[in-house]
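Raw protein_15.pdb, PDB, C-alpha atoms:
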```pdb
MODEL        1
ATOM      1  CA  MET A   1     -36.179 -34.730 -27.584
ATOM      2  CA  ASP A   2     -38.033 -31.478 -26.967
ATOM      3  CA  VAL A   3     -35.787 -28.669 -28.266
ATOM      4  CA  ILE A   4     -37.023 -25.066 -28.248
ATOM      5  CA  PRO A   5     -35.081 -22.261 -29.999
ATOM      6  CA  VAL A   6     -35.507 -19.455 -27.471
ATOM      7  CA  THR A   7     -33.847 -16.699 -29.534
ATOM      8  CA  ALA A   8     -35.917 -17.236 -32.683
ATOM      9  CA  ASP A   9     -37.612 -13.815 -32.466
ATOM     10  CA  ALA A  10     -34.467 -11.820 -31.691
ATOM     11  CA  GLU A  11     -34.089  -8.342 -33.176
ATOM     12  CA  VAL A  12     -30.383  -8.196 -32.318
ATOM     13  CA  PHE A  13     -27.467 -10.330 -33.485
ATOM     14  CA  THR A  14     -27.422 -13.510 -31.424
ATOM     15  CA  CYS A  15     -26.696 -17.164 -31.746
ATOM     16  CA  ASN A  16     -29.406 -19.776 -31.672
ATOM     17  CA  ALA A  17     -29.917 -20.669 -28.015
ATOM     18  CA  TYR A  18     -31.704 -23.976 -27.464
ATOM     19  CA  LEU A  19     -33.803 -24.952 -24.452
ATOM     20  CA  VAL A  20     -33.896 -28.731 -24.063
ATOM     21  CA  LEU A  21     -36.645 -29.975 -21.766
ATOM     22  CA  GLY A  22     -36.449 -33.276 -19.949
ATOM     23  CA  GLU A  23     -34.856 -35.011 -16.987
ATOM     24  CA  ARG A  24     -32.161 -32.338 -16.923
ATOM     25  CA  THR A  25     -33.606 -29.186 -18.441
ATOM     26  CA  THR A  26     -30.680 -27.553 -20.191
ATOM     27  CA  LEU A  27     -29.940 -24.432 -22.198
ATOM     28  CA  VAL A  28     -27.360 -24.887 -24.946
ATOM     29  CA  ASP A  29     -25.794 -21.419 -25.186
ATOM     30  CA  ALA A  30     -27.417 -18.370 -23.629
ATOM     31  CA  GLY A  31     -27.521 -16.073 -26.650
ATOM     32  CA  ALA A  32     -27.356 -12.284 -26.635
ATOM     33  CA  MET A  33     -31.049 -11.470 -26.916
ATOM     34  CA  PRO A  34     -32.390  -9.236 -24.145
ATOM     35  CA  GLY A  35     -35.391 -10.978 -22.624
ATOM     36  CA  VAL A  36     -34.222 -14.529 -23.277
ATOM     37  CA  VAL A  37     -35.041 -15.314 -19.630
ATOM     38  CA  ASP A  38     -38.671 -14.332 -20.252
ATOM     39  CA  VAL A  39     -38.860 -16.752 -23.177
ATOM     40  CA  ILE A  40     -37.401 -19.569 -21.091
ATOM     41  CA  VAL A  41     -39.950 -18.904 -18.332
ATOM     42  CA  GLU A  42     -42.747 -19.428 -20.874
ATOM     43  CA  HIS A  43     -41.661 -23.076 -21.083
ATOM     44  CA  THR A  44     -40.220 -23.960 -17.680
ATOM     45  CA  ASP A  45     -39.879 -22.581 -14.182
ATOM     46  CA  HIS A  46     -36.494 -24.187 -13.613
ATOM     47  CA  LEU A  47     -33.252 -24.656 -15.499
ATOM     48  CA  ASP A  48     -30.767 -27.272 -14.360
ATOM     49  CA  ALA A  49     -27.821 -26.460 -16.598
ATOM     50  CA  VAL A  50     -26.348 -24.250 -19.289
ATOM     51  CA  VAL A  51     -23.836 -25.740 -21.711
ATOM     52  CA  VAL A  52     -21.698 -23.188 -23.553
ATOM     53  CA  THR A  53     -20.351 -24.235 -26.954
ATOM     54  CA  HIS A  54     -17.891 -21.305 -26.931
ATOM     55  CA  GLN A  55     -17.616 -17.867 -25.421
ATOM     56  CA  ASP A  56     -18.246 -15.453 -28.287
ATOM     57  CA  HIS A  57     -20.521 -12.651 -27.070
ATOM     58  CA  ASP A  58     -23.463 -13.765 -29.198
ATOM     59  CA  HIS A  59     -23.387 -17.093 -27.320
ATOM     60  CA  ILE A  60     -22.940 -15.836 -23.737
ATOM     61  CA  GLY A  61     -24.240 -12.257 -23.743
ATOM     62  CA  GLU A  62     -27.247 -13.192 -21.594
ATOM     63  CA  LEU A  63     -25.487 -15.792 -19.459
ATOM     64  CA  ASP A  64     -25.389 -13.494 -16.421
ATOM     65  CA  ALA A  65     -29.146 -12.918 -16.616
ATOM     66  CA  VAL A  66     -29.877 -16.627 -17.036
ATOM     67  CA  VAL A  67     -27.696 -17.568 -14.061
ATOM     68  CA  GLU A  68     -29.198 -14.827 -11.897
ATOM     69  CA  ARG A  69     -32.737 -16.055 -12.621
ATOM     70  CA  PHE A  70     -32.260 -19.834 -12.485
ATOM     71  CA  ASP A  71     -28.916 -20.557 -10.720
ATOM     72  CA  PRO A  72     -28.089 -23.477 -13.054
ATOM     73  CA  ASP A  73     -24.869 -25.436 -13.345
ATOM     74  CA  VAL A  74     -22.738 -23.844 -16.073
ATOM     75  CA  TYR A  75     -20.593 -26.043 -18.293
ATOM     76  CA  ALA A  76     -17.854 -24.509 -20.467
ATOM     77  CA  TYR A  77     -14.512 -25.569 -21.896
ATOM     78  CA  ALA A  78     -12.632 -22.355 -21.083
ATOM     79  CA  ASP A  79     -12.569 -20.524 -17.792
ATOM     80  CA  HIS A  80     -15.426 -18.126 -17.053
ATOM     81  CA  PRO A  81     -16.480 -16.473 -13.772
ATOM     82  CA  LEU A  82     -19.835 -18.280 -13.900
ATOM     83  CA  ARG A  83     -18.513 -21.687 -14.925
ATOM     84  CA  THR A  84     -19.227 -24.428 -12.391
ATOM     85  CA  HIS A  85     -18.059 -27.414 -14.472
ATOM     86  CA  GLU A  86     -15.155 -27.603 -16.925
ATOM     87  CA  LEU A  87     -15.927 -29.488 -20.121
ATOM     88  CA  ALA A  88     -13.329 -31.923 -21.443
ATOM     89  CA  ASP A  89     -13.112 -33.738 -24.746
ATOM     90  CA  GLY A  90     -14.652 -37.190 -24.544
ATOM     91  CA  GLU A  91     -16.701 -36.692 -21.389
ATOM     92  CA  THR A  92     -20.482 -36.973 -21.393
ATOM     93  CA  VAL A  93     -23.100 -34.527 -20.174
ATOM     94  CA  LEU A  94     -26.835 -35.075 -19.726
ATOM     95  CA  VAL A  95     -28.886 -32.670 -21.848
ATOM     96  CA  GLY A  96     -32.612 -33.109 -21.478
ATOM     97  CA  ASP A  97     -33.076 -36.879 -21.420
ATOM     98  CA  ASP A  98     -30.022 -37.843 -23.483
ATOM     99  CA  GLU A  99     -26.310 -38.271 -22.843
ATOM    100  CA  PHE A 100     -24.111 -36.218 -25.143
ATOM    101  CA  GLU A 101     -20.429 -36.691 -25.806
ATOM    102  CA  VAL A 102     -18.316 -33.548 -25.710
ATOM    103  CA  VAL A 103     -16.165 -33.201 -28.833
ATOM    104  CA  TYR A 104     -13.498 -30.493 -28.684
ATOM    105  CA  THR A 105     -13.770 -28.679 -32.035
ATOM    106  CA  PRO A 106     -11.502 -25.598 -32.061
ATOM    107  CA  GLY A 107     -10.792 -23.448 -35.095
ATOM    108  CA  HIS A 108     -13.574 -20.899 -35.015
ATOM    109  CA  THR A 109     -12.461 -20.228 -31.432
ATOM    110  CA  ASP A 110      -9.934 -21.915 -29.151
ATOM    111  CA  ASP A 111     -12.615 -23.065 -26.707
ATOM    112  CA  HIS A 112     -15.222 -24.488 -29.085
ATOM    113  CA  VAL A 113     -17.002 -27.755 -28.303
ATOM    114  CA  SER A 114     -19.759 -29.696 -30.028
ATOM    115  CA  LEU A 115     -22.225 -32.092 -28.389
ATOM    116  CA  VAL A 116     -23.085 -35.440 -29.983
ATOM    117  CA  SER A 117     -25.689 -38.025 -28.980
ATOM    118  CA  GLY A 118     -27.055 -40.996 -30.831
ATOM    119  CA  ARG A 119     -29.624 -38.829 -32.608
ATOM    120  CA  VAL A 120     -28.644 -35.167 -32.284
ATOM    121  CA  LEU A 121     -25.678 -32.870 -32.897
ATOM    122  CA  PHE A 122     -25.359 -29.435 -31.286
ATOM    123  CA  SER A 123     -22.641 -28.024 -33.509
ATOM    124  CA  GLY A 124     -22.246 -24.457 -32.265
ATOM    125  CA  ASP A 125     -20.440 -22.514 -34.983
ATOM    126  CA  VAL A 126     -18.061 -25.203 -36.251
ATOM    127  CA  VAL A 127     -20.607 -26.252 -38.885
ATOM    128  CA  VAL A 128     -23.972 -24.773 -39.814
ATOM    129  CA  TYR A 129     -26.509 -25.479 -42.546
ATOM    130  CA  ASN A 130     -27.696 -22.130 -43.966
ATOM    131  CA  ASP A 131     -26.257 -18.975 -42.420
ATOM    132  CA  ASN A 132     -26.278 -16.580 -45.418
ATOM    133  CA  ALA A 133     -22.877 -17.889 -46.493
ATOM    134  CA  PHE A 134     -23.628 -21.304 -47.996
ATOM    135  CA  GLU A 135     -27.142 -22.687 -47.935
ATOM    136  CA  ASP A 136     -26.278 -26.371 -47.579
ATOM    137  CA  GLY A 137     -23.227 -26.665 -45.361
ATOM    138  CA  SER A 138     -21.047 -23.892 -43.980
ATOM    139  CA  PHE A 139     -18.266 -23.492 -41.437
ATOM    140  CA  GLY A 140     -17.394 -20.978 -38.740
ATOM    141  CA  LYS A 141     -15.364 -17.860 -39.497
ATOM    142  CA  THR A 142     -11.606 -18.235 -39.038
ATOM    143  CA  ASN A 143     -10.428 -14.687 -39.755
ATOM    144  CA  ARG A 144     -10.110 -13.415 -36.195
ATOM    145  CA  PRO A 145      -7.315 -13.579 -33.616
ATOM    146  CA  GLY A 146      -7.259 -17.013 -32.005
ATOM    147  CA  SER A 147      -9.048 -18.708 -34.897
ATOM    148  CA  SER A 148      -7.479 -21.079 -37.415
ATOM    149  CA  ARG A 149      -8.712 -22.598 -40.652
ATOM    150  CA  GLU A 150      -6.343 -25.559 -40.212
ATOM    151  CA  ARG A 151      -7.658 -26.326 -36.735
ATOM    152  CA  LEU A 152     -11.241 -25.991 -37.966
ATOM    153  CA  ILE A 153     -10.545 -28.460 -40.769
ATOM    154  CA  ARG A 154      -9.124 -30.937 -38.257
ATOM    155  CA  SER A 155     -12.169 -30.374 -36.043
ATOM    156  CA  LEU A 156     -14.596 -31.122 -38.854
ATOM    157  CA  ARG A 157     -12.711 -34.329 -39.613
ATOM    158  CA  MET A 158     -12.787 -35.277 -35.935
ATOM    159  CA  LEU A 159     -16.505 -34.579 -35.781
ATOM    160  CA  LEU A 160     -17.097 -36.885 -38.731
ATOM    161  CA  ASP A 161     -14.999 -39.608 -37.112
ATOM    162  CA  ARG A 162     -17.046 -39.450 -33.912
ATOM    163  CA  LEU A 163     -20.486 -38.884 -35.414
ATOM    164  CA  PRO A 164     -22.788 -41.891 -35.015
ATOM    165  CA  ALA A 165     -24.533 -42.989 -38.192
ATOM    166  CA  THR A 166     -27.822 -42.610 -36.323
ATOM    167  CA  VAL A 167     -27.574 -38.812 -35.920
ATOM    168  CA  GLU A 168     -30.494 -37.270 -37.812
ATOM    169  CA  THR A 169     -30.724 -33.682 -36.533
ATOM    170  CA  MET A 170     -28.223 -30.837 -36.284
ATOM    171  CA  TYR A 171     -28.851 -27.754 -34.170
ATOM    172  CA  ALA A 172     -26.282 -25.132 -35.133
ATOM    173  CA  GLY A 173     -25.386 -21.780 -33.628
ATOM    174  CA  HIS A 174     -26.765 -19.913 -36.644
ATOM    175  CA  GLY A 175     -29.191 -20.623 -39.458
ATOM    176  CA  ASP A 176     -31.917 -23.239 -39.348
ATOM    177  CA  ALA A 177     -31.892 -26.621 -37.691
ATOM    178  CA  PHE A 178     -31.191 -29.429 -40.161
ATOM    179  CA  GLU A 179     -33.299 -32.583 -40.199
ATOM    180  CA  THR A 180     -32.425 -35.622 -42.304
ATOM    181  CA  GLU A 181     -35.236 -36.539 -44.679
ATOM    182  CA  SER A 182     -35.730 -39.830 -46.469
ATOM    183  CA  GLY A 183     -33.693 -39.826 -49.671
ATOM    184  CA  GLY A 184     -32.139 -36.432 -48.907
ATOM    185  CA  ASP A 185     -28.954 -35.127 -47.353
ATOM    186  CA  THR A 186     -27.839 -36.478 -43.997
ATOM    187  CA  VAL A 187     -26.094 -34.597 -41.189
ATOM    188  CA  ARG A 188     -22.881 -36.290 -42.337
ATOM    189  CA  ASP A 189     -23.434 -34.922 -45.868
ATOM    190  CA  VAL A 190     -23.758 -31.388 -44.483
ATOM    191  CA  ILE A 191     -20.538 -31.697 -42.466
ATOM    192  CA  GLU A 192     -18.654 -33.242 -45.381
ATOM    193  CA  ARG A 193     -19.775 -30.399 -47.648
ATOM    194  CA  ALA A 194     -18.614 -27.814 -45.112
ATOM    195  CA  LEU A 195     -15.287 -29.643 -44.789
ATOM    196  CA  GLU A 196     -14.764 -29.711 -48.557
ATOM    197  CA  ARG A 197     -15.380 -25.969 -48.756
ATOM    198  CA  ALA A 198     -13.024 -25.293 -45.863
ATOM    199  CA  GLU A 199     -10.339 -27.484 -47.432
ATOM    200  CA  ARG A 200     -10.667 -25.585 -50.730
ATOM    201  CA  ARG A 201     -10.020 -22.418 -48.700
ATOM    202  CA  GLU A 202     -13.314 -20.950 -49.858
ATOM    203  CA  PRO A 203     -14.024 -17.675 -48.051
ATOM    204  CA  LYS A 204     -16.785 -17.778 -45.463
ATOM    205  CA  TYR A 205     -18.832 -15.232 -47.407
ATOM    206  CA  PRO A 206     -18.027 -15.739 -51.110
ATOM    207  CA  GLU A 207     -19.663 -12.498 -52.272
ATOM    208  CA  ALA A 208     -17.992 -10.310 -49.639
TER
ENDMDL
END
```
Take the structure I supplied and represent it as structure tokens, if you would.
Amino acid sequence: MDVIPVTADAEVFTCNAYLVLGERTTLVDAGAMPGVVDVIVEHTDHLDAVVVTHQDHDHIGELDAVVERFDPDVYAYADHPLRTHELADGETVLVGDDEFEVVYTPGHTDDHVSLVSGRVLFSGDVVVYNDNAFEDGSFGKTNRPGSSRERLIRSLRMLLDRLPATVETMYAGHGDAFETESGGDTVRDVIERALERAERREPKYPEA
């Protein structure tokens, strides 16, 4: 799977937006980096779809610009003026060359979804690897209106239940991508560590 982080050079706060090339060239989240369209054009002249993990501004700030340039299908769980397809828990969506299952994972936001294939997890903000909070397994903030630590805990458990043992790579909304290495942590280990911290009610940013 050819996955390109198109917001890697951002100078503003944004999520990681991922361009996935293949049979159905897809952008997972649009980010909030001005000029993200220009980065996409460096790699492809067409975009078939955008899949939104959730509608925080740092994930959809440039959605209007992306849709104006490419006119892709737009998949999202919650209503949005640009949405063309409603995502539902348990359905599948083609991203690049692979089918991904949609897993509804609220807690950080009410509309959060994750995408799981046999090899890859796009986790949005429900779980990340190193985002300046914890370096080896962190969870999305739950201190805003509409968020819930209890729902996030249930979502992490659900994600573990539906995660194939073959998943080796996690692309999260913030921090670095995580790749399983021989003899090292697995994606499941990272999620379990984030879950344990969430269950202990550890604050998102311990030093804050």
In terms of the shortest atom-to-atom distance over all atoms listed in the file, which of A:Arg162, A:His46, A:His174, A:His112 is closest to A:Tyr77?
-> A:His112
10 Å contact set for stretch 143-155 of chain A, all atoms listed in the file, chain neighbours under 6 positions out, as a list of chain:residue names =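 The residues satisfying every condition are A:Val103, A:Tyr104, A:Thr105, A:Pro106, A:Gly107, A:His108, A:Thr109, A:Asp110, A:Asp111, A:His112, A:Val113, A:Ser114, A:Val126, A:Val127, A:Asp161, A:Ala194, A:Leu195, A:Glu196, A:Arg197, A:Ala198, A:Glu199, A:Arg201, A:Pro203, A:Lys204.
Here atom CA of A:Thr25 is placed at a distance of 22.8 Å from atom CA of A:His57.
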Can you tell me, as a PyMOL selection string, which residues sit within 8 Å of (-34.5, -15.0, -17.2) in the file's frame, using only C-alpha atoms?
-> chain A and resi 35-41+65-70
Residues at most 12 Å from A:Val190, counting all atoms listed in the file, excluding those fewer than 2 positions away in the same chain, as number ranges by chain?
-> A: 121, 123, 126-130, 134-139, 156, 159-160, 167-170, 172, 177-180, 184-188, 192-197
Between A:Ser182, A:Ser117, A:Asn132, A:Thr44, which has the minimum distance to A:Arg24 (counting only C-alpha atoms)?
-> A:Thr44
If we count only C-alpha atoms, what is near A:His80 at a cut-off of 12 Å, once residues fewer than 4 positions away on the same chain are taken out, given as a list in words?
->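 Selected residues are Val52, His54, Gln55, Asp56, Ile60, Leu63, Asp64, Val74, Tyr75, Ala76, Thr84, His85, Glu86, Leu87 and Asp111 of chain A.
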Using only C-alpha atoms, please write the residues we just selected to a file, as a short mmCIF file (atom, residue, chain, number, x, y, z; two decimals), in the coordinates of the input.
```
data_model
loop_
_atom_site.label_atom_id
_atom_site.label_comp_id
_atom_site.auth_asym_id
_atom_site.auth_seq_id
_atom_site.Cartn_x
_atom_site.Cartn_y
_atom_site.Cartn_z
CA VAL A 52 -21.70 -23.19 -23.55
CA HIS A 54 -17.89 -21.30 -26.93
CA GLN A 55 -17.62 -17.87 -25.42
CA ASP A 56 -18.25 -15.45 -28.29
CA ILE A 60 -22.94 -15.84 -23.74
CA LEU A 63 -25.49 -15.79 -19.46
CA ASP A 64 -25.39 -13.49 -16.42
CA VAL A 74 -22.74 -23.84 -16.07
CA TYR A 75 -20.59 -26.04 -18.29
CA ALA A 76 -17.85 -24.51 -20.47
CA THR A 84 -19.23 -24.43 -12.39
CA HIS A 85 -18.06 -27.41 -14.47
CA GLU A 86 -15.16 -27.60 -16.92
CA LEU A 87 -15.93 -29.49 -20.12
CA ASP A 111 -12.62 -23.06 -26.71
#
```
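Shell of A:Phe13 at 9 Å, with all atoms listed in the file counted and residues fewer than 4 places along the chain excluded, is Gly31, Ala32, Met33 and Asp58 of chain A.
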Save out the residues we just selected, C-alpha atoms, as a tab-separated table (two decimals), in the coordinates of the input.
```
chain	number	residue	atom	x	y	z
A	31	GLY	CA	-27.52	-16.07	-26.65
A	32	ALA	CA	-27.36	-12.28	-26.64
A	33	MET	CA	-31.05	-11.47	-26.92
A	58	ASP	CA	-23.46	-13.76	-29.20
```
Computed interatomic separation between atom CA of A:Val28 and atom CA of A:Phe122 (Å) |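 Atom-to-atom, atom CA of A:Val28 and atom CA of A:Phe122 are spaced 8.1 Å apart.
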To one decimal in Å, tell me the separation between atom CA of A:Leu94 and atom CA of A:Val6.
-> 19.5 Å
Hey, what's within 8 Å of A:Gly96 if we count only C-alpha atoms and toss same-chain stuff fewer than 2 positions away? As an NGL selection string, please?
-> :A and (1-2 or 20-26 or 94 or 98)
Tell me which residues the PyMOL selection byres ((chain A and resi 92) around 6) grabs here, as a ChimeraX atom specification.
-> /A:91,93,100-102
Edge lengths and centre, in Å to one decimal, as lines of an AutoDock Vina configuration file: that's what I need for the box along x, y and z that holds all listed atoms of stretch 90-94 of chain A plus 4 Å on each side.
```
center_x = -20.7
center_y = -35.9
center_z = -22.1
size_x = 20.2
size_y = 10.7
size_z = 12.8
```
